[in-house]
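For reference, work.txt is printed below; it contains compact mmCIF, C-alpha atoms.
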# COMPACT_ATOMS: atom_id res chain seq x y z
CA MET A 413 202.67 -22.60 71.36
CA SER A 414 204.27 -20.29 73.94
CA GLN A 415 202.37 -17.86 76.13
CA ASP A 416 204.09 -14.94 74.39
CA THR A 417 202.89 -16.20 71.01
CA LEU A 418 199.34 -16.60 72.34
CA LYS A 419 199.38 -13.04 73.70
CA GLN A 420 200.68 -11.71 70.38
CA ASP A 421 197.98 -13.57 68.42
CA ARG A 422 195.34 -12.24 70.80
CA LEU A 423 196.62 -8.68 70.39
CA SER A 424 196.58 -9.15 66.63
CA ASP A 425 192.94 -10.30 66.80
CA VAL A 426 191.99 -7.24 68.87
CA GLU A 427 193.51 -5.04 66.17
CA GLY A 428 191.73 -7.12 63.54
CA ILE A 429 188.35 -6.58 65.19
CA SER A 430 189.08 -2.85 65.27
CA ARG A 431 189.86 -3.01 61.53
CA LEU A 432 186.64 -4.92 60.93
CA ASN A 433 184.60 -2.26 62.73
CA LYS A 434 186.18 0.55 60.73
CA GLY A 435 185.57 -1.38 57.52
CA PHE A 436 181.95 -2.09 58.41
CA ALA A 437 181.34 1.57 59.27
CA GLY A 438 182.72 2.51 55.86
CA LEU A 439 180.60 -0.16 54.19
CA ARG A 440 177.40 1.14 55.76
CA GLU A 441 178.31 4.68 54.76
CA GLU A 442 178.89 3.70 51.13
CA VAL A 443 175.77 1.52 50.87
CA ALA A 444 173.68 4.36 52.39
CA LYS A 445 174.56 6.49 49.35
CA VAL A 446 172.38 4.18 47.26
CA ILE A 447 170.11 2.27 49.65
CA VAL A 448 167.74 4.14 51.97
CA GLY A 449 167.17 2.36 55.28
CA GLN A 450 167.49 -1.44 55.59
CA GLU A 451 170.39 -1.07 58.05
CA GLU A 452 169.51 -4.30 59.90
CA ILE A 453 169.19 -6.32 56.68
CA ILE A 454 172.58 -5.00 55.51
CA LYS A 455 174.17 -6.01 58.83
CA GLN A 456 172.63 -9.49 58.72
CA ILE A 457 173.81 -10.06 55.15
CA PHE A 458 177.32 -8.99 56.16
CA ILE A 459 177.18 -11.32 59.18
CA THR A 460 176.33 -14.15 56.77
CA ILE A 461 179.33 -13.28 54.59
CA LEU A 462 181.65 -13.15 57.63
CA SER A 463 180.33 -16.57 58.73
CA ARG A 464 180.91 -18.12 55.27
CA GLY A 465 177.21 -18.79 55.01
CA HIS A 466 174.55 -18.11 52.40
CA CYS A 467 171.34 -16.15 52.70
CA LEU A 468 167.72 -16.59 51.60
CA LEU A 469 165.92 -13.25 51.19
CA ILE A 470 162.13 -13.14 51.04
CA GLY A 471 160.47 -9.98 49.75
CA VAL A 472 157.90 -8.68 47.30
CA PRO A 473 159.12 -7.21 43.99
CA GLY A 474 160.37 -3.63 43.89
CA LEU A 475 162.20 -3.51 47.23
CA ALA A 476 165.64 -3.04 45.59
CA LYS A 477 166.98 -6.49 46.46
CA THR A 478 169.17 -6.59 43.36
CA LEU A 479 170.41 -3.04 43.89
CA LEU A 480 171.24 -3.79 47.52
CA VAL A 481 173.36 -6.84 46.70
CA ARG A 482 175.06 -5.16 43.74
CA THR A 483 175.94 -2.14 45.91
CA LEU A 484 177.39 -4.42 48.59
CA ALA A 485 179.50 -6.17 45.95
CA ASP A 486 180.75 -2.82 44.62
CA ALA A 487 181.70 -1.55 48.08
CA LEU A 488 183.44 -4.85 48.90
CA ASN A 489 185.21 -4.85 45.51
CA LEU A 490 183.88 -8.33 44.67
CA ARG A 491 182.66 -9.74 41.36
CA PHE A 492 178.86 -9.75 41.21
CA SER A 493 176.68 -12.10 39.16
CA ARG A 494 172.92 -12.05 38.91
CA ILE A 495 171.08 -15.16 37.74
CA GLN A 496 167.38 -14.85 36.91
CA PHE A 497 165.91 -18.27 37.63
CA THR A 498 163.21 -19.38 35.19
CA PRO A 499 161.42 -22.69 34.53
CA ASP A 500 163.56 -23.38 31.44
CA LEU A 501 166.93 -22.66 33.10
CA MET A 502 169.33 -25.61 32.83
CA PRO A 503 172.24 -26.45 35.19
CA SER A 504 174.75 -25.68 32.42
CA ASP A 505 173.26 -22.19 32.13
CA ILE A 506 174.63 -21.33 35.56
CA THR A 507 177.70 -23.58 35.87
CA GLY A 508 179.00 -23.21 32.32
CA THR A 509 179.19 -25.29 29.16
CA GLU A 510 181.68 -26.70 26.67
CA ILE A 511 181.96 -25.18 23.21
CA ILE A 512 183.83 -26.43 20.15
CA GLU A 513 186.67 -24.22 18.97
CA GLU A 514 188.47 -24.56 15.67
CA ASN A 515 192.13 -23.64 15.28
CA VAL A 516 192.28 -21.24 12.32
CA ASN A 517 195.80 -22.40 11.42
CA THR A 518 195.48 -26.17 11.66
CA GLY A 519 191.74 -26.66 11.39
CA ALA A 520 191.84 -28.87 14.49
CA ARG A 521 188.80 -28.74 16.73
CA SER A 522 188.81 -28.93 20.52
CA PHE A 523 186.44 -28.39 23.40
CA ARG A 524 186.76 -25.39 25.68
CA PHE A 525 184.85 -24.88 28.91
CA VAL A 526 183.15 -21.48 29.19
CA LYS A 527 182.47 -20.57 32.79
CA GLY A 528 178.92 -19.61 33.72
CA PRO A 529 177.66 -16.83 36.00
CA LEU A 530 178.22 -19.01 39.05
CA PHE A 531 181.92 -18.14 38.82
CA GLY A 532 181.74 -14.93 40.81
CA ASN A 533 182.15 -13.82 44.40
CA ILE A 534 178.65 -12.61 45.22
CA ILE A 535 175.85 -14.43 43.40
CA LEU A 536 172.27 -13.17 43.38
CA ALA A 537 170.01 -16.14 42.63
CA ASP A 538 166.82 -14.26 41.80
CA GLU A 539 163.57 -16.18 42.43
CA ILE A 540 165.28 -19.50 43.07
CA ASN A 541 161.91 -21.21 43.47
CA ARG A 542 161.03 -20.57 39.81
CA THR A 543 163.49 -23.13 38.44
CA PRO A 544 163.23 -26.95 38.54
CA PRO A 545 164.99 -29.00 41.25
CA LYS A 546 167.78 -30.11 38.88
CA THR A 547 169.02 -26.54 38.45
CA GLN A 548 168.43 -25.72 42.11
CA SER A 549 170.64 -28.69 43.02
CA ALA A 550 173.47 -27.41 40.81
CA LEU A 551 173.46 -24.14 42.73
CA LEU A 552 173.17 -25.80 46.12
CA GLU A 553 176.05 -28.15 45.34
CA ALA A 554 178.25 -25.15 44.56
CA MET A 555 177.14 -23.51 47.83
CA GLN A 556 178.09 -26.58 49.83
CA GLU A 557 181.25 -27.75 48.07
CA TYR A 558 182.57 -24.42 46.66
CA ARG A 559 183.22 -26.15 43.36
CA VAL A 560 181.50 -27.00 40.08
CA THR A 561 181.71 -30.27 38.18
CA ALA A 562 181.11 -29.99 34.44
CA ALA A 563 182.17 -32.07 31.45
CA GLY A 564 184.01 -34.49 33.72
CA GLN A 565 186.15 -31.74 35.26
CA THR A 566 186.04 -30.09 38.65
CA PHE A 567 186.51 -26.34 38.91
CA GLN A 568 187.11 -24.64 42.25
CA LEU A 569 185.11 -21.48 42.87
CA GLU A 570 187.01 -18.36 43.83
CA GLN A 571 186.83 -17.32 47.47
CA PRO A 572 185.06 -15.51 49.01
CA PHE A 573 181.90 -17.05 47.59
CA PHE A 574 178.47 -15.96 48.81
CA VAL A 575 175.00 -16.75 47.46
CA LEU A 576 171.97 -14.63 48.20
CA ALA A 577 168.84 -16.31 46.88
CA THR A 578 165.51 -14.50 46.69
CA GLN A 579 161.94 -15.75 46.74
CA ASN A 580 158.74 -13.89 45.96
CA PRO A 581 156.16 -14.68 48.69
CA ILE A 582 153.08 -13.55 46.75
CA GLU A 583 153.30 -15.46 43.45
CA GLN A 584 153.43 -19.19 44.08
CA GLU A 585 151.91 -20.55 40.86
CA GLY A 586 154.43 -22.38 38.70
CA THR A 587 157.07 -22.47 41.41
CA TYR A 588 159.28 -25.25 42.76
CA PRO A 589 159.56 -24.71 46.52
CA LEU A 590 162.92 -25.66 48.00
CA PRO A 591 162.78 -28.88 50.06
CA GLU A 592 163.48 -28.51 53.76
CA ALA A 593 166.81 -30.34 53.43
CA GLN A 594 167.96 -27.79 50.86
CA LEU A 595 166.63 -24.84 52.83
CA ASP A 596 168.93 -25.98 55.63
CA ARG A 597 171.93 -25.02 53.43
CA PHE A 598 171.07 -21.35 53.97
CA MET A 599 172.41 -19.80 57.14
CA PHE A 600 169.86 -16.97 57.37
CA ASN A 601 166.29 -16.56 56.19
CA LEU A 602 165.63 -12.81 56.03
CA TRP A 603 162.33 -11.06 55.33
CA LEU A 604 162.59 -7.70 53.61
CA ASP A 605 159.81 -5.32 54.71
CA TYR A 606 158.34 -2.31 52.95
CA PRO A 607 160.14 0.97 53.71
CA SER A 608 158.59 3.45 56.11
CA PHE A 609 156.76 6.50 54.73
CA ASN A 610 159.73 8.82 55.29
CA GLU A 611 162.14 6.28 53.79
CA GLU A 612 159.95 5.91 50.73
CA VAL A 613 159.89 9.70 50.29
CA LYS A 614 163.72 9.70 50.33
CA ILE A 615 163.80 6.79 47.87
CA VAL A 616 161.56 8.60 45.41
CA GLN A 617 163.51 11.85 45.78
CA SER A 618 166.87 10.16 45.25
CA THR A 619 165.86 7.95 42.30
CA THR A 620 163.85 10.34 40.16
CA GLY A 621 166.52 12.97 39.60
CA GLN A 622 169.66 13.17 37.50
CA HIS A 623 172.21 12.42 40.21
CA THR A 624 173.62 8.87 40.27
CA PRO A 625 175.70 8.20 43.40
CA SER A 626 179.00 6.37 43.07
CA VAL A 627 180.15 3.80 45.62
CA ASP A 628 183.78 3.71 46.78
CA LYS A 629 185.60 0.47 47.55
CA VAL A 630 186.07 -0.01 51.28
CA MET A 631 187.34 -3.61 51.35
CA GLY A 632 188.56 -6.34 49.04
CA GLY A 633 188.41 -10.09 48.72
CA GLY A 634 191.56 -10.51 50.79
CA ASP A 635 190.05 -8.44 53.60
CA ILE A 636 186.89 -10.56 53.62
CA LEU A 637 188.91 -13.80 53.79
CA TYR A 638 190.94 -12.38 56.70
CA PHE A 639 187.79 -11.27 58.56
CA GLN A 640 186.19 -14.68 58.01
CA GLU A 641 189.18 -16.34 59.68
CA LEU A 642 189.09 -13.70 62.42
CA VAL A 643 185.44 -14.47 63.23
CA ARG A 644 186.27 -18.17 63.51
CA ARG A 645 188.95 -17.32 66.09
CA VAL A 646 186.60 -15.29 68.31
CA PRO A 647 186.38 -17.18 71.63
CA VAL A 648 183.00 -18.14 73.02
CA ALA A 649 182.07 -19.23 76.53
CA ASP A 650 180.79 -22.77 77.12
CA SER A 651 177.59 -21.35 78.62
CA VAL A 652 176.83 -19.50 75.36
CA VAL A 653 177.45 -22.65 73.29
CA LYS A 654 175.20 -24.67 75.61
CA PHE A 655 172.47 -22.03 75.32
CA ALA A 656 172.58 -22.24 71.50
CA VAL A 657 172.54 -26.05 71.49
CA ASP A 658 169.73 -26.11 74.08
CA LEU A 659 167.70 -23.66 71.99
CA ALA A 660 168.06 -25.84 68.88
CA ASN A 661 167.23 -28.96 70.91
CA ARG A 662 164.02 -27.43 72.24
CA THR A 663 162.72 -26.97 68.67
CA ARG A 664 162.60 -30.77 68.23
CA PRO A 665 159.27 -32.29 69.34
CA GLN A 666 160.92 -35.72 69.82
CA ASN A 667 163.37 -34.23 72.35
CA GLY A 668 162.54 -34.56 76.02
CA LYS A 669 163.42 -30.88 76.60
CA ALA A 670 160.86 -29.66 74.08
CA PRO A 671 158.04 -27.62 75.66
CA ASP A 672 154.43 -28.67 75.14
CA PHE A 673 153.69 -26.05 72.49
CA VAL A 674 156.56 -27.36 70.35
CA LYS A 675 155.22 -30.91 70.61
CA GLN A 676 151.78 -29.56 69.68
CA TYR A 677 152.71 -27.40 66.69
CA VAL A 678 156.03 -28.68 65.27
CA SER A 679 156.62 -31.70 63.04
CA TYR A 680 160.39 -31.34 62.69
CA GLY A 681 162.82 -29.06 64.46
CA ALA A 682 166.22 -27.60 63.64
CA GLY A 683 169.26 -29.83 63.15
CA PRO A 684 172.83 -29.43 64.41
CA ARG A 685 173.64 -26.97 61.61
CA ALA A 686 171.34 -24.49 63.36
CA SER A 687 173.47 -24.66 66.52
CA GLN A 688 176.60 -24.03 64.47
CA TYR A 689 175.10 -21.04 62.68
CA LEU A 690 173.74 -19.58 65.93
CA ILE A 691 177.27 -19.49 67.34
CA LEU A 692 178.89 -18.22 64.13
CA ALA A 693 176.30 -15.45 63.85
CA ALA A 694 176.81 -14.55 67.52
CA LYS A 695 180.58 -14.35 66.99
CA ALA A 696 180.22 -12.11 63.94
CA ASP A 697 177.64 -9.92 65.67
CA ALA A 698 179.91 -9.44 68.67
CA ALA A 699 182.89 -8.61 66.44
CA LEU A 700 180.84 -6.02 64.54
CA ASP A 701 179.92 -4.50 67.90
CA ASN A 702 183.65 -4.28 68.77
CA ARG A 703 183.35 -6.96 71.45
CA LEU A 704 185.89 -9.76 71.85
CA SER A 705 183.42 -12.51 72.74
CA PRO A 706 179.68 -13.07 72.18
CA ASP A 707 177.07 -13.45 74.90
CA ILE A 708 173.64 -15.09 75.08
CA ASP A 709 171.91 -11.97 73.74
CA ASP A 710 173.89 -12.34 70.49
CA VAL A 711 172.51 -15.85 70.14
CA ARG A 712 169.00 -14.56 70.83
CA ARG A 713 169.31 -11.98 68.03
CA ALA A 714 170.35 -14.70 65.60
CA ALA A 715 167.54 -17.07 66.57
CA LEU A 716 164.84 -15.80 64.19
CA PRO A 717 166.82 -15.71 60.91
CA VAL A 718 168.59 -19.00 61.73
CA LEU A 719 165.56 -20.99 62.91
CA ARG A 720 162.73 -19.53 60.82
CA HIS A 721 163.23 -21.93 57.88
CA ARG A 722 164.34 -24.89 59.99
CA ILE A 723 161.20 -25.37 62.08
CA ILE A 724 158.50 -27.28 60.16
CA THR A 725 155.05 -26.69 61.61
CA ASN A 726 152.16 -29.17 61.42
CA PHE A 727 148.44 -29.00 60.74
CA ASN A 728 147.66 -27.96 64.32
CA ALA A 729 149.75 -24.83 63.90
CA GLU A 730 148.02 -23.97 60.63
CA ALA A 731 144.58 -24.60 62.11
CA GLU A 732 145.29 -22.36 65.09
CA ASN A 733 147.08 -19.72 62.99
CA THR A 734 150.39 -20.20 64.80
CA ASN A 735 153.47 -19.38 62.75
CA THR A 736 157.18 -20.12 63.14
CA PRO A 737 158.23 -16.64 64.40
CA GLU A 738 155.69 -16.98 67.22
CA ILE A 739 157.11 -20.36 68.19
CA ILE A 740 160.66 -18.95 68.20
CA SER A 741 159.54 -15.97 70.29
CA ARG A 742 157.95 -18.30 72.87
CA LEU A 743 161.10 -20.45 72.98
CA LEU A 744 163.20 -17.38 73.76
CA GLU A 745 160.89 -16.48 76.64
CA ILE A 746 161.54 -19.75 78.46
Using structure tokens, write down the structure from this file.
Amino acid sequence: MSQDTLKQDRLSDVEGISRLNKGFAGLREEVAKVIVGQEEIIKQIFITILSRGHCLLIGVPGLAKTLLVRTLADALNLRFSRIQFTPDLMPSDITGTEIIEENVNTGARSFRFVKGPLFGNIILADEINRTPPKTQSALLEAMQEYRVTAAGQTFQLEQPFFVLATQNPIEQEGTYPLPEAQLDRFMFNLWLDYPSFNEEVKIVQSTTGQHTPSVDKVMGGGDILYFQELVRRVPVADSVVKFAVDLANRTRPQNGKAPDFVKQYVSYGAGPRASQYLILAAKADAALDNRLSPDIDDVRRAALPVLRHRIITNFNAEAENTNTPEIISRLLEI
């Protein structure tokens, strides 16, 4: 590739990042018509989409998780599907099933595959820990492979494809917690907090009247696919990559670089996928801030949502009331 071509591609990427910033500003404006507050959660979800990742959202009922994701899908002009996970949900209920059709003219019968709710662009997997592992695996396979196998056939899922799974932290009876290996499929683990007093006043005022806000489309599926490629092309310095890899390495108690408190409180640390997601998140964060390359602070901001579900604490941590966010905070202070 010639130097002139490289310069032209670089100029195109600069314009692309400018487009991304304008689009994100419009997205936040449209979402704010419906959702009060939660600006950081909205940004982190969008970072996950730009990074071609998936997101696990933890929050008590009534915090408008469904409304938030549906509003994002509307503003991005993407097909939205909500799946309520229950103990009796079967894999075919989400992937699709075959039905027998009879030709009214000939009387001949044939099978036809009816696609399930998984065939969308943005999938809300509500209370994923309420369904058995067999159904969880069907969803996680689609997340990893971007395809569904049913009735001996393989069906490709339409891109972009993003799964946001929710868990309720206060009702754990009758649940099927996701194994650590499956949790690792999620790029971010986000915790949704209660709104502030003033935000809750605005929520009540805006949802108890007659006015129903409408959300305009600010992007489309083609735009998202372009921005996903753009984020991949964002250059990153070797020092930033080494910082991300070193941070992930220091979460592993078996690693010689691990500090004493990690060896004391952690059973298993984050794998290589954490390093990859730290860099992808840093790239997306920098692009959304209209910067052409990420720095170490971008990696630091991604550390909590990327590492929170990848660090497995031991009995010592539980006995001394030490949690994963505290361990991550101490790692970032080193």
Would you work out the distance separating atom CA of Val674 of chain A from atom CA of Asn733 of chain A, expressed in Å to one decimal?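 These two atoms are separated by 14.2 Å.
Comparing the minimum interatomic distances between Val472 of chain A and each of A:Leu604, A:Ile457, A:Leu642, A:Val678, counting all atoms listed in the file, we find that A:Leu604 sits nearest.
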I'd like to know which of A:Met631, A:Ile511, A:Leu704, A:Ala485 is closest to Phe525 of chain A, using all atoms listed in the file.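 Using all atoms listed in the file, Phe525 of chain A sits closest to A:Ile511.
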Taking into account all atoms listed in the file, which residue in the set A:Leu480, A:Gly528, A:Glu442, A:Pro572 is nearest to Glu641 of chain A?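 Using all atoms listed in the file, the shortest distance to Glu641 of chain A belongs to A:Pro572.
Minimum atom-to-atom distance to Arg713 of chain A, evaluated using all atoms listed in the file, belongs to A:Ile691 out of A:Thr725, A:Thr561, A:Ile691, A:Asp425.
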Using all atoms listed in the file: which of A:Ala476, A:Met599, A:Val630, A:Ala682 has the shortest distance to Gly438 of chain A: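 Smallest separation from Gly438 of chain A among the options: A:Val630.
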Who sits within 9 Å of segment 662-668 of chain A, all atoms listed in the file, same chain under 6 positions skipped, as a PyMOL selection string: chain A and resi 674-683+719+723+739-740+743
Take the residues from that selection and put them in a file with C-alpha atoms, as a PDB file, in the coordinates of the input.
ATOM      1  CA  VAL A 674     156.560 -27.360  70.350  1.00  0.00           C
ATOM      2  CA  LYS A 675     155.220 -30.910  70.610  1.00  0.00           C
ATOM      3  CA  GLN A 676     151.780 -29.560  69.680  1.00  0.00           C
ATOM      4  CA  TYR A 677     152.710 -27.400  66.690  1.00  0.00           C
ATOM      5  CA  VAL A 678     156.030 -28.680  65.270  1.00  0.00           C
ATOM      6  CA  SER A 679     156.620 -31.700  63.040  1.00  0.00           C
ATOM      7  CA  TYR A 680     160.390 -31.340  62.690  1.00  0.00           C
ATOM      8  CA  GLY A 681     162.820 -29.060  64.460  1.00  0.00           C
ATOM      9  CA  ALA A 682     166.220 -27.600  63.640  1.00  0.00           C
ATOM     10  CA  GLY A 683     169.260 -29.830  63.150  1.00  0.00           C
ATOM     11  CA  LEU A 719     165.560 -20.990  62.910  1.00  0.00           C
ATOM     12  CA  ILE A 723     161.200 -25.370  62.080  1.00  0.00           C
ATOM     13  CA  ILE A 739     157.110 -20.360  68.190  1.00  0.00           C
ATOM     14  CA  ILE A 740     160.660 -18.950  68.200  1.00  0.00           C
ATOM     15  CA  LEU A 743     161.100 -20.450  72.980  1.00  0.00           C
TER      16      LEU A 743
END
Here is a test: counting only C-alpha atoms, which residue of A:Ala698, A:Val446, A:Leu432, A:Ala656 is nearest to Pro625 of chain A? A:Val446
Excluding Ile506 of chain A and residues on its chain fewer than 3 positions from it, collect all residues at most 6 Å away from it, counting all atoms listed in the file, and give them as a ChimeraX atom specification. /A:503,528-530
Any idea what the distance is between atom CA of Asp628 of chain A and atom CA of Asp486 of chain A? 7.5 Å
For atom CA of Glu510 of chain A and atom CA of Val560 of chain A, determine how far apart the two atoms are, in Å to one decimal place.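 We find that atom CA of Glu510 of chain A and atom CA of Val560 of chain A lie 13.4 Å from each other.
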Ref. answer, residues at most 9 Å from (176.9, -10.6, 66.2) with only C-alpha atoms, as a ChimeraX atom specification: /A:456,459,691-701,706,710-711,713-714
Please output segment 695-720 of chain A, rebuilt to include N, CA and C atoms, as a CSV table (one decimal), keeping the file's coordinate frame.
chain,number,residue,atom,x,y,z
A,695,LYS,N,179.2,-14.8,67.1
A,695,LYS,CA,180.6,-14.4,67.0
A,695,LYS,C,180.7,-13.1,66.1
A,696,ALA,N,180.1,-13.2,64.9
A,696,ALA,CA,180.2,-12.1,63.9
A,696,ALA,C,179.5,-10.9,64.5
A,697,ASP,N,178.4,-11.1,65.1
A,697,ASP,CA,177.6,-9.9,65.7
A,697,ASP,C,178.5,-9.2,66.8
A,698,ALA,N,179.1,-10.0,67.6
A,698,ALA,CA,179.9,-9.4,68.7
A,698,ALA,C,181.1,-8.7,68.1
A,699,ALA,N,181.7,-9.3,67.1
A,699,ALA,CA,182.9,-8.6,66.4
A,699,ALA,C,182.5,-7.3,65.8
A,700,LEU,N,181.3,-7.3,65.2
A,700,LEU,CA,180.8,-6.0,64.5
A,700,LEU,C,180.4,-5.0,65.6
A,701,ASP,N,180.2,-5.4,66.8
A,701,ASP,CA,179.9,-4.5,67.9
A,701,ASP,C,181.2,-4.2,68.7
A,702,ASN,N,182.4,-4.6,68.1
A,702,ASN,CA,183.6,-4.3,68.8
A,702,ASN,C,183.8,-5.0,70.1
A,703,ARG,N,183.2,-6.2,70.2
A,703,ARG,CA,183.4,-7.0,71.4
A,703,ARG,C,184.2,-8.2,71.1
A,704,LEU,N,184.9,-8.7,72.1
A,704,LEU,CA,185.9,-9.8,71.8
A,704,LEU,C,185.3,-11.1,72.0
A,705,SER,N,184.1,-11.2,72.6
A,705,SER,CA,183.4,-12.5,72.7
A,705,SER,C,181.9,-12.3,72.8
A,706,PRO,N,181.1,-13.2,72.2
A,706,PRO,CA,179.7,-13.1,72.2
A,706,PRO,C,179.1,-13.5,73.5
A,707,ASP,N,177.8,-13.0,73.7
A,707,ASP,CA,177.1,-13.4,74.9
A,707,ASP,C,175.7,-14.1,74.4
A,708,ILE,N,174.9,-14.4,75.4
A,708,ILE,CA,173.6,-15.1,75.1
A,708,ILE,C,172.7,-14.2,74.3
A,709,ASP,N,172.8,-12.9,74.5
A,709,ASP,CA,171.9,-12.0,73.7
A,709,ASP,C,172.2,-12.0,72.2
A,710,ASP,N,173.5,-12.2,71.9
A,710,ASP,CA,173.9,-12.3,70.5
A,710,ASP,C,173.2,-13.6,69.9
A,711,VAL,N,173.2,-14.7,70.6
A,711,VAL,CA,172.5,-15.8,70.1
A,711,VAL,C,171.0,-15.6,70.0
A,712,ARG,N,170.4,-14.9,70.9
A,712,ARG,CA,169.0,-14.6,70.8
A,712,ARG,C,168.7,-13.8,69.6
A,713,ARG,N,169.6,-12.8,69.2
A,713,ARG,CA,169.3,-12.0,68.0
A,713,ARG,C,169.4,-12.8,66.7
A,714,ALA,N,170.2,-13.9,66.8
A,714,ALA,CA,170.4,-14.7,65.6
A,714,ALA,C,169.3,-15.8,65.5
A,715,ALA,N,168.5,-15.9,66.5
A,715,ALA,CA,167.5,-17.1,66.6
A,715,ALA,C,166.5,-17.0,65.4
A,716,LEU,N,165.9,-15.9,65.2
A,716,LEU,CA,164.8,-15.8,64.2
A,716,LEU,C,165.4,-16.1,62.8
A,717,PRO,N,166.4,-15.4,62.3
A,717,PRO,CA,166.8,-15.7,60.9
A,717,PRO,C,167.4,-17.1,60.8
A,718,VAL,N,168.0,-17.7,61.8
A,718,VAL,CA,168.6,-19.0,61.7
A,718,VAL,C,167.5,-20.1,61.8
A,719,LEU,N,166.5,-19.9,62.6
A,719,LEU,CA,165.6,-21.0,62.9
A,719,LEU,C,164.3,-20.9,62.1
A,720,ARG,N,164.0,-19.7,61.5
A,720,ARG,CA,162.7,-19.5,60.8
A,720,ARG,C,162.4,-20.6,59.7
